[in-house]
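Student: File protein.tsv follows (TSV, C-alpha atoms):
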```
chain	number	residue	atom	x	y	z
A	1	MET	CA	108.29	31.64	-17.88
A	2	ARG	CA	105.39	33.65	-19.34
A	3	ASN	CA	102.13	33.15	-17.48
A	4	ASN	CA	99.83	34.84	-20.02
A	5	GLY	CA	99.72	36.68	-23.33
A	6	PHE	CA	99.99	40.13	-21.78
A	7	GLU	CA	103.44	39.51	-20.36
A	8	ARG	CA	106.55	40.66	-22.19
A	9	PRO	CA	108.01	40.18	-24.68
A	10	TYR	CA	105.26	41.37	-27.01
A	11	ASN	CA	105.47	40.62	-30.71
A	12	THR	CA	104.62	42.52	-33.89
A	13	MET	CA	101.56	40.44	-34.78
A	14	GLN	CA	100.08	40.86	-31.31
A	15	MET	CA	100.52	44.64	-31.38
A	16	ALA	CA	99.04	44.73	-34.88
A	17	THR	CA	95.77	43.32	-33.48
A	18	TRP	CA	95.72	46.08	-30.86
A	19	VAL	CA	95.78	48.62	-33.71
A	20	LEU	CA	93.67	46.85	-36.35
A	21	LEU	CA	90.58	46.08	-34.23
A	22	PRO	CA	90.03	49.68	-33.01
A	23	LEU	CA	90.85	50.96	-36.51
A	24	LEU	CA	88.14	48.81	-38.08
A	25	ILE	CA	85.62	49.94	-35.46
A	26	VAL	CA	86.44	53.65	-35.93
A	27	HIS	CA	86.29	53.27	-39.73
A	28	PHE	CA	82.89	51.55	-39.57
A	29	LEU	CA	81.39	54.21	-37.29
A	30	ILE	CA	82.70	57.12	-39.39
A	31	PHE	CA	82.67	55.86	-42.99
A	32	VAL	CA	80.14	53.01	-43.10
A	33	SER	CA	77.32	53.42	-40.59
A	34	PRO	CA	76.36	57.00	-41.67
A	35	VAL	CA	75.98	56.02	-45.35
A	36	LEU	CA	74.00	52.81	-44.85
A	37	PRO	CA	70.23	52.90	-45.50
A	38	VAL	CA	68.39	53.98	-42.37
A	39	GLY	CA	66.70	50.62	-41.93
A	40	ALA	CA	70.02	48.78	-42.12
A	41	SER	CA	72.30	51.20	-40.30
A	42	VAL	CA	71.17	50.52	-36.73
A	43	PRO	CA	70.97	46.69	-36.82
A	44	CYS	CA	74.20	46.36	-38.83
A	45	THR	CA	76.05	48.69	-36.47
A	46	LEU	CA	74.76	46.86	-33.39
A	47	LEU	CA	75.67	43.48	-34.88
A	48	PHE	CA	79.11	44.76	-35.86
A	49	LEU	CA	79.80	46.22	-32.40
A	50	ALA	CA	78.51	43.09	-30.66
A	51	ALA	CA	80.83	40.87	-32.73
A	52	GLY	CA	83.77	43.22	-32.09
A	53	THR	CA	83.08	43.29	-28.35
A	54	LEU	CA	82.85	39.50	-28.16
A	55	SER	CA	86.02	39.14	-30.20
A	56	ALA	CA	87.94	41.42	-27.82
A	57	TYR	CA	86.45	39.75	-24.73
A	58	PHE	CA	87.23	36.18	-25.79
A	59	ALA	CA	90.71	37.21	-26.95
A	60	TYR	CA	91.31	38.76	-23.53
A	61	LYS	CA	90.08	35.61	-21.77
A	62	CYS	CA	92.29	33.43	-23.99
A	63	CYS	CA	95.34	35.59	-23.24
A	64	ILE	CA	94.79	35.91	-19.51
A	65	THR	CA	94.11	32.19	-18.93
A	66	ASP	CA	97.29	30.27	-18.15
A	67	PRO	CA	97.25	26.89	-19.98
A	68	VAL	CA	100.22	25.54	-17.99
A	69	ASP	CA	100.29	21.80	-17.29
A	70	ASP	CA	98.80	21.30	-13.82
A	71	LYS	CA	101.57	18.86	-12.80
A	72	LEU	CA	104.14	21.51	-13.66
A	73	ALA	CA	102.09	24.10	-11.74
A	74	ARG	CA	102.11	21.90	-8.62
A	75	HIS	CA	105.84	21.29	-9.05
A	76	LEU	CA	106.54	25.04	-9.24
A	77	LYS	CA	104.29	25.71	-6.24
A	78	LYS	CA	106.30	23.23	-4.17
A	79	GLN	CA	109.46	25.01	-5.29
A	80	ARG	CA	108.11	28.38	-4.22
A	81	ASP	CA	107.00	26.97	-0.87
A	82	GLY	CA	110.38	25.34	-0.40
A	83	ASN	CA	112.24	28.54	-1.31
A	84	GLY	CA	110.32	30.68	1.13
A	85	GLY	CA	107.79	32.00	-1.41
A	86	SER	CA	110.29	33.08	-4.06
A	87	SER	CA	109.13	33.38	-7.65
A	88	GLY	CA	109.20	30.03	-9.46
A	89	SER	CA	109.89	29.30	-13.10
A	90	SER	CA	111.12	26.40	-15.15
A	91	GLY	CA	114.61	27.87	-14.99
A	92	ASP	CA	114.58	27.72	-11.18
A	93	VAL	CA	114.57	23.94	-11.07
A	94	GLU	CA	117.98	22.63	-10.20
A	95	ALA	CA	119.58	20.44	-12.85
A	96	GLY	CA	119.32	16.75	-12.12
A	97	GLY	CA	116.07	17.07	-10.13
A	98	THR	CA	113.86	14.04	-10.23
A	99	GLY	CA	110.69	16.02	-10.91
A	100	GLU	CA	108.61	13.31	-9.24
A	101	GLU	CA	105.24	14.45	-7.94
A	102	ALA	CA	103.97	12.87	-4.75
A	103	ASP	CA	100.35	13.53	-5.73
A	104	ASP	CA	100.56	12.26	-9.31
A	105	ASP	CA	97.85	9.87	-10.38
A	106	GLY	CA	99.59	6.62	-11.18
A	107	ASN	CA	96.96	5.78	-13.81
A	108	ASP	CA	97.48	9.05	-15.65
A	109	PRO	CA	99.96	8.69	-18.57
A	110	THR	CA	102.87	11.04	-18.04
A	111	LYS	CA	106.22	11.89	-19.57
A	112	TYR	CA	109.29	13.69	-18.31
A	113	CYS	CA	110.13	17.17	-19.60
A	114	TRP	CA	113.87	17.76	-19.45
A	115	VAL	CA	113.39	21.54	-19.72
A	116	CYS	CA	110.86	21.87	-16.90
A	117	GLN	CA	112.49	18.89	-15.15
A	118	THR	CA	109.27	17.32	-13.93
A	119	ASN	CA	106.62	14.88	-15.05
A	120	VAL	CA	103.83	16.34	-17.18
A	121	HIS	CA	100.75	14.95	-18.89
A	122	ASP	CA	101.38	12.75	-21.90
A	123	LYS	CA	99.74	15.21	-24.34
A	124	SER	CA	101.48	18.26	-22.86
A	125	MET	CA	104.20	19.93	-24.92
A	126	HIS	CA	106.89	22.42	-23.98
A	127	CYS	CA	106.50	25.81	-25.67
A	128	LYS	CA	109.79	27.52	-26.42
A	129	PHE	CA	108.10	30.94	-26.58
A	130	CYS	CA	106.44	30.70	-23.15
A	131	ASP	CA	109.09	28.41	-21.61
A	132	LYS	CA	106.61	26.02	-20.02
A	133	CYS	CA	104.73	22.80	-20.68
A	134	VAL	CA	101.16	23.38	-21.84
A	135	SER	CA	98.38	20.89	-21.09
A	136	ARG	CA	97.06	19.33	-24.33
A	137	PHE	CA	99.14	21.76	-26.34
A	138	ASP	CA	97.39	22.97	-29.49
A	139	HIS	CA	99.69	25.73	-30.76
A	140	HIS	CA	101.31	29.03	-29.82
A	141	CYS	CA	99.16	31.81	-31.28
A	142	MET	CA	101.37	34.66	-32.47
A	143	TRP	CA	98.37	37.01	-32.88
A	144	LEU	CA	97.46	36.61	-29.20
A	145	ASN	CA	101.05	35.92	-28.11
A	146	THR	CA	100.01	33.05	-25.89
A	147	CYS	CA	99.94	29.27	-25.90
A	148	VAL	CA	96.62	27.58	-26.60
A	149	GLY	CA	95.91	24.45	-24.59
A	150	SER	CA	93.07	22.65	-22.85
A	151	ALA	CA	92.51	25.52	-20.38
A	152	ASN	CA	91.97	28.29	-22.95
A	153	TYR	CA	91.17	26.53	-26.22
A	154	ARG	CA	87.45	27.27	-25.89
A	155	TYR	CA	88.21	30.99	-25.60
A	156	PHE	CA	90.53	30.81	-28.60
A	157	PHE	CA	87.89	29.13	-30.76
A	158	ARG	CA	85.24	31.63	-29.67
A	159	THR	CA	87.65	34.42	-30.57
A	160	VAL	CA	87.99	32.95	-34.05
A	161	VAL	CA	84.19	32.67	-34.44
A	162	ALA	CA	83.52	36.21	-33.16
A	163	THR	CA	86.30	37.72	-35.28
A	164	PHE	CA	85.03	35.90	-38.37
A	165	CYS	CA	81.54	37.34	-37.77
A	166	PHE	CA	83.08	40.77	-37.10
A	167	VAL	CA	84.98	41.01	-40.42
A	168	THR	CA	82.18	39.30	-42.37
A	169	VAL	CA	79.59	41.86	-41.24
A	170	ASP	CA	82.04	44.67	-42.03
A	171	ALA	CA	82.87	43.25	-45.46
A	172	SER	CA	79.19	42.67	-46.32
A	173	CYS	CA	78.23	46.25	-45.46
A	174	LEU	CA	81.21	47.64	-47.35
A	175	ALA	CA	80.48	45.51	-50.42
A	176	GLY	CA	76.86	46.70	-50.50
A	177	ILE	CA	77.86	50.35	-50.16
A	178	VAL	CA	80.68	50.27	-52.71
A	179	ILE	CA	78.76	48.28	-55.34
A	180	ALA	CA	75.64	50.44	-54.99
A	181	TYR	CA	77.69	53.65	-55.26
A	182	PHE	CA	79.65	52.73	-58.38
A	183	VAL	CA	76.57	51.27	-60.11
A	184	GLN	CA	74.52	54.39	-59.41
A	185	ALA	CA	77.28	56.90	-60.11
A	186	TYR	CA	79.09	55.29	-63.05
A	187	GLY	CA	76.60	52.72	-64.37
A	188	PRO	CA	74.77	52.85	-67.72
A	189	ASN	CA	72.25	55.36	-66.38
A	190	GLY	CA	74.73	57.36	-64.31
A	191	ALA	CA	71.87	59.41	-62.89
A	192	GLY	CA	72.81	58.89	-59.26
A	193	GLY	CA	70.60	57.39	-56.61
A	194	ALA	CA	69.93	57.05	-52.90
A	195	GLN	CA	73.39	55.63	-52.13
A	196	VAL	CA	75.14	58.43	-54.02
A	197	ASP	CA	73.01	61.01	-52.18
A	198	ARG	CA	73.86	59.50	-48.77
A	199	MET	CA	77.58	59.51	-49.58
A	200	ARG	CA	77.34	63.07	-50.89
A	201	ASP	CA	75.71	64.12	-47.60
A	202	TRP	CA	78.36	62.21	-45.58
A	203	MET	CA	79.82	64.55	-42.92
A	204	GLY	CA	78.44	67.46	-44.97
A	205	ALA	CA	81.59	67.24	-47.10
A	206	ASP	CA	80.06	66.47	-50.52
A	207	LEU	CA	82.97	64.07	-51.20
A	208	PRO	CA	81.29	60.80	-52.13
A	209	LEU	CA	84.28	59.54	-54.13
A	210	VAL	CA	86.62	59.97	-51.13
A	211	ASN	CA	84.27	57.92	-48.98
A	212	ALA	CA	84.04	55.28	-51.71
A	213	ILE	CA	87.83	55.00	-52.14
A	214	VAL	CA	88.42	54.65	-48.39
A	215	ASN	CA	85.73	51.99	-48.21
A	216	VAL	CA	87.24	50.10	-51.15
A	217	VAL	CA	90.57	49.95	-49.31
A	218	PHE	CA	88.93	48.61	-46.16
A	219	LEU	CA	86.82	46.21	-48.21
A	220	VAL	CA	90.00	44.61	-49.56
A	221	ILE	CA	91.40	44.36	-46.02
A	222	ASN	CA	88.20	42.80	-44.70
A	223	LEU	CA	87.83	40.33	-47.57
A	224	GLY	CA	91.41	39.14	-47.05
A	225	SER	CA	90.86	38.87	-43.30
A	226	ALA	CA	87.54	37.05	-43.72
A	227	PHE	CA	89.15	34.55	-46.10
A	228	LEU	CA	92.05	33.77	-43.74
A	229	ILE	CA	89.95	33.67	-40.56
A	230	GLY	CA	87.32	31.58	-42.35
A	231	GLN	CA	89.99	29.06	-43.27
A	232	LEU	CA	91.11	28.97	-39.63
A	233	PHE	CA	87.51	28.55	-38.45
A	234	PHE	CA	86.80	25.56	-40.71
A	235	PHE	CA	90.22	24.09	-39.94
A	236	HIS	CA	89.42	24.02	-36.22
A	237	ILE	CA	85.93	22.68	-36.89
A	238	ASN	CA	87.63	19.74	-38.62
A	239	LEU	CA	90.10	19.34	-35.75
A	240	GLN	CA	87.24	19.16	-33.26
A	241	ARG	CA	85.47	16.60	-35.43
A	242	GLU	CA	88.59	14.42	-35.39
A	243	ASP	CA	89.30	15.22	-31.72
A	244	ILE	CA	92.92	16.17	-32.38
A	245	THR	CA	95.00	19.29	-31.74
A	246	THR	CA	96.77	21.50	-34.25
A	247	TYR	CA	100.08	20.05	-33.08
A	248	GLU	CA	98.85	16.48	-33.58
A	249	TYR	CA	97.56	17.42	-37.03
A	250	ILE	CA	100.96	18.86	-38.01
A	251	VAL	CA	102.77	15.78	-36.71
A	252	ARG	CA	100.39	13.52	-38.65
A	253	GLU	CA	100.77	15.49	-41.88
A	254	ASN	CA	104.57	15.54	-41.55
A	255	GLN	CA	104.50	11.77	-41.05
A	256	LYS	CA	102.41	11.40	-44.21
A	257	LYS	CA	104.90	13.54	-46.14
A	258	ARG	CA	107.83	11.49	-44.88
A	259	GLU	CA	106.08	8.26	-45.87
A	260	LYS	CA	105.20	9.70	-49.27
A	261	ASN	CA	108.79	10.81	-49.88
A	262	LYS	CA	110.05	7.42	-48.72
A	263	ASP	CA	107.67	5.64	-51.13
A	264	ALA	CA	108.67	7.95	-54.00
A	265	LYS	CA	112.35	7.24	-53.35
A	266	ALA	CA	111.66	3.49	-53.26
A	267	VAL	CA	109.76	3.69	-56.56
A	268	ARG	CA	112.60	5.59	-58.23
A	269	SER	CA	115.15	3.04	-57.02
A	270	LYS	CA	112.93	0.12	-58.10
A	271	ARG	CA	112.39	1.71	-61.53
A	272	ILE	CA	116.14	1.98	-62.14
A	273	VAL	CA	116.69	-1.65	-61.14
A	274	MET	CA	113.77	-2.90	-63.28
A	275	ILE	CA	114.84	-0.86	-66.34
A	276	ARG	CA	118.35	-2.24	-66.14
A	277	ALA	CA	116.98	-5.79	-65.79
A	278	ALA	CA	114.65	-5.27	-68.79
A	279	GLN	CA	117.53	-3.87	-70.86
A	280	ASN	CA	119.65	-6.90	-70.03
A	281	ARG	CA	116.77	-9.10	-71.22
A	282	ARG	CA	116.37	-6.86	-74.29
A	283	ASP	CA	112.73	-6.39	-73.34
A	284	LYS	CA	112.05	-3.03	-75.02
A	285	GLY	CA	108.34	-3.22	-74.25
A	286	MET	CA	108.95	-3.39	-70.50
A	287	VAL	CA	111.51	-0.56	-70.72
A	288	ARG	CA	108.94	1.67	-72.44
A	289	LYS	CA	106.27	0.67	-69.94
A	290	LEU	CA	108.54	1.52	-67.01
A	291	GLN	CA	109.45	4.87	-68.57
A	292	MET	CA	105.78	5.68	-69.23
A	293	GLY	CA	104.97	4.65	-65.65
A	294	ARG	CA	106.18	8.06	-64.48
A	295	LEU	CA	103.10	9.55	-66.19
A	296	CYS	CA	100.59	6.78	-65.50
A	297	VAL	CA	100.56	5.91	-61.80
A	298	PRO	CA	97.96	3.07	-61.93
A	299	CYS	CA	99.87	1.22	-64.67
A	300	ASP	CA	103.37	1.79	-63.29
A	301	PRO	CA	105.14	-1.59	-62.87
A	302	ALA	CA	107.74	-0.08	-60.52
A	303	ARG	CA	105.07	1.28	-58.17
A	304	GLN	CA	103.20	-2.03	-58.27
A	305	ALA	CA	106.41	-3.89	-57.40
A	306	VAL	CA	107.06	-1.59	-54.43
A	307	GLN	CA	103.49	-2.11	-53.15
A	308	GLU	CA	103.93	-5.90	-53.42
A	309	ASP	CA	107.22	-5.65	-51.48
A	310	LYS	CA	105.44	-3.69	-48.72
A	311	LYS	CA	102.70	-6.32	-48.49
A	312	ARG	CA	105.27	-9.08	-48.10
A	313	GLU	CA	106.92	-7.14	-45.29
```
Would you put the structure from the file into structure tokens?
Tutor:
Amino acid sequence: MRNNGFERPYNTMQMATWVLLPLLIVHFLIFVSPVLPVGASVPCTLLFLAAGTLSAYFAYKCCITDPVDDKLARHLKKQRDGNGGSSGSSGDVEAGGTGEEADDDGNDPTKYCWVCQTNVHDKSMHCKFCDKCVSRFDHHCMWLNTCVGSANYRYFFRTVVATFCFVTVDASCLAGIVIAYFVQAYGPNGAGGAQVDRMRDWMGADLPLVNAIVNVVFLVINLGSAFLIGQLFFFHINLQREDITTYEYIVRENQKKREKNKDAKAVRSKRIVMIRAAQNRRDKGMVRKLQMGRLCVPCDPARQAVQEDKKRE
């Protein structure tokens, strides 16, 4: 059983975050901050560093907080006490154990986990990556390499918000620098300008184009990151509005897909039956209408017949 996101095994996506965050900070301090206008350099750098610091802090808190189901935690503690203080895990429970908790609240809905072999909260789910039941399981975050549940969801969401601000500030500064440079250096006038002069003076190297190319590369990275993290941010805003978890959302959407596929299959079957019946009656008009119904959903007789059948049920 993994207790937090810093326990082995690590994964590639988790280690990528350990490299990418410091890389973005180093790039900003070397390639971006020195070539920003003086009035913008200090506040933008402070805002960028503040967002990066908060992102790292909340990610750390999310990883270090164990979201294990508290009923499972009590069950494992009793095991450790009964085994003389030995290390407990879900694999230590003997097969066939009842898993009953003496201090369970009888009014609290529970279910039995056959992997952990104990009762857990009704909304808890067993994570195969962490090998434990997680209270109000949301999802297993591969970037943080930890489960997200009721205990650490607030830290996860704050990590998303801080990271979104972090890459958005970076992307905004990069976009301003790159656009200003190429307009001043290669625009209709092509006479240069303040941005070109700052990039020419960068590190005393007189290599403004090198700075611009590096910043273009990081601008693409930041825009892609901002788009993906922004989607995640608004997705979780919607989840909070509906008061559901990511897992519950996935289950609901899969149920909708199954129902949609079931309805589509019923319509296809009904269409075949109705076409054959119309052909037997030599009703060419109905045959054409049924065939055209594939293109016109509101006027599809087969779909209407299926809906009437469902109402009668």
Student: Using all atoms listed in the file, which of the listed residues (A:Cys62, A:Cys133, A:Leu23, A:Ala50) sits closest to Cys116 in chain A?
Tutor: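 Between A:Cys62, A:Cys133, A:Leu23, A:Ala50, the residue approaching Cys116 in chain A most closely is A:Cys133.
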Student: Ranking A:Ile244, A:Val183, A:Leu29, A:Ala266 by minimum distance to Cys44 in chain A and counting all atoms listed in the file, which one comes first?
Tutor: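 Under the stated criterion, the closest residue is A:Leu29.
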Student: Please, what distance in Å, to one decimal, runs between CA of Gly285 in chain A and CA of Ala305 in chain A?
Tutor: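 Taking CA of Gly285 in chain A and CA of Ala305 in chain A, their separation equals 17.0 Å.
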Student: What separation in Å, quoted to one decimal, exists between CA of Met286 in chain A and CA of Ile272 in chain A?
Tutor: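 Pair CA of Met286 in chain A / CA of Ile272 in chain A returns 12.3 Å.
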Student: Between CA of Tyr249 in chain A and CA of Ile237 in chain A, what is the distance in Å, rounded to a tenth?
Tutor: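 Separation between CA of Tyr249 in chain A and CA of Ile237 in chain A: 12.8 Å.
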Student: Extract, using all atoms listed in the file, all DNA, RNA and protein residues at most 6 Å from Asn4 in chain A, discarding same-chain residues fewer than 2 positions from it, and format them as number ranges by chain.
Tutor: A: 2, 6-7, 63-64, 66
Student: Quick one: residues within 9 Å of Val161 in chain A, only C-alpha atoms counted, chain neighbours fewer than 4 positions away excluded, as a PDB file with C-alpha atoms, in the frame of the given file?
Tutor:
```
ATOM      1  CA  SER A  55      86.020  39.140 -30.200  1.00  0.00           C
ATOM      2  CA  PHE A 156      90.530  30.810 -28.600  1.00  0.00           C
ATOM      3  CA  PHE A 157      87.890  29.130 -30.760  1.00  0.00           C
ATOM      4  CA  CYS A 165      81.540  37.340 -37.770  1.00  0.00           C
ATOM      5  CA  PHE A 166      83.080  40.770 -37.100  1.00  0.00           C
ATOM      6  CA  ILE A 229      89.950  33.670 -40.560  1.00  0.00           C
ATOM      7  CA  GLY A 230      87.320  31.580 -42.350  1.00  0.00           C
ATOM      8  CA  PHE A 233      87.510  28.550 -38.450  1.00  0.00           C
TER       9      PHE A 233
END
```
Student: Leaving out Thr53 in chain A and any residue of its chain fewer than 5 positions from it, which residues lie within 9 Å of it when counting only C-alpha atoms, given as a list in words?
Tutor: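 In the requested form, the answer reads Phe48, Phe58 and Ala162 of chain A.
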Student: Please provide the set of residues having any atom within 12 Å of range 292-298 of chain A, restricted to all atoms listed in the file, with same-chain residues fewer than 5 positions apart removed, written as a PDB file with C-alpha atoms, in the coordinates of the input.
Tutor:
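This went into selection_3.pdb:
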```
ATOM      1  CA  ALA A 264     108.670   7.950 -54.000  1.00  0.00           C
ATOM      2  CA  VAL A 267     109.760   3.690 -56.560  1.00  0.00           C
ATOM      3  CA  ARG A 268     112.600   5.590 -58.230  1.00  0.00           C
ATOM      4  CA  LYS A 270     112.930   0.120 -58.100  1.00  0.00           C
ATOM      5  CA  ARG A 271     112.390   1.710 -61.530  1.00  0.00           C
ATOM      6  CA  ILE A 272     116.140   1.980 -62.140  1.00  0.00           C
ATOM      7  CA  MET A 274     113.770  -2.900 -63.280  1.00  0.00           C
ATOM      8  CA  ILE A 275     114.840  -0.860 -66.340  1.00  0.00           C
ATOM      9  CA  GLY A 285     108.340  -3.220 -74.250  1.00  0.00           C
ATOM     10  CA  MET A 286     108.950  -3.390 -70.500  1.00  0.00           C
ATOM     11  CA  VAL A 287     111.510  -0.560 -70.720  1.00  0.00           C
ATOM     12  CA  ARG A 303     105.070   1.280 -58.170  1.00  0.00           C
ATOM     13  CA  GLN A 304     103.200  -2.030 -58.270  1.00  0.00           C
ATOM     14  CA  ALA A 305     106.410  -3.890 -57.400  1.00  0.00           C
ATOM     15  CA  GLN A 307     103.490  -2.110 -53.150  1.00  0.00           C
TER      16      GLN A 307
END
```
Student: With only C-alpha atoms as the counted atoms, please give the residues lying no more than 7 Å from range 137-140 of chain A, apart from itself and same-chain residues fewer than 5 positions off, as a list in words.
Tutor: Lys123, Ser124, Met125, Thr146, Cys147, Val148, Gly149, Thr245, Thr246 and Tyr247 of chain A
Student: My list of candidates is A:Gln255, A:Thr168, A:Asn189, A:Thr163. Which is closest to Thr17 in chain A when distances are computed with all atoms listed in the file?
Tutor: A:Thr163
Student: Here is a test: counting all atoms listed in the file, which residue of A:Tyr57, A:Phe31, A:Trp114, A:Trp18 is nearest to Leu209 in chain A?
Tutor: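 For Leu209 in chain A, the nearest of the candidates is A:Phe31.
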Student: Assuming 8 Å of padding per side, give the centre and edge lengths of the axis-aligned box around every listed atom of range 217-225 of chain A, in Å to one decimal and as lines of an AutoDock Vina configuration file.
Tutor:
```
center_x = 89.1
center_y = 44.4
center_z = -46.4
size_x = 20.6
size_y = 27.1
size_z = 22.3
```
Student: Using only C-alpha atoms, which residue out of A:Met199, A:Val160, A:Ile25, A:Pro43 lies closest to Trp143 in chain A?
Tutor: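 Using only C-alpha atoms, Trp143 in chain A sits closest to A:Val160.
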Student: Considering all atoms listed in the file, can you say which of A:Val134, A:Ala212, A:Val32, A:Ala205 comes closest to Val178 in chain A?
Tutor: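 Using all atoms listed in the file, the shortest distance to Val178 in chain A belongs to A:Ala212.
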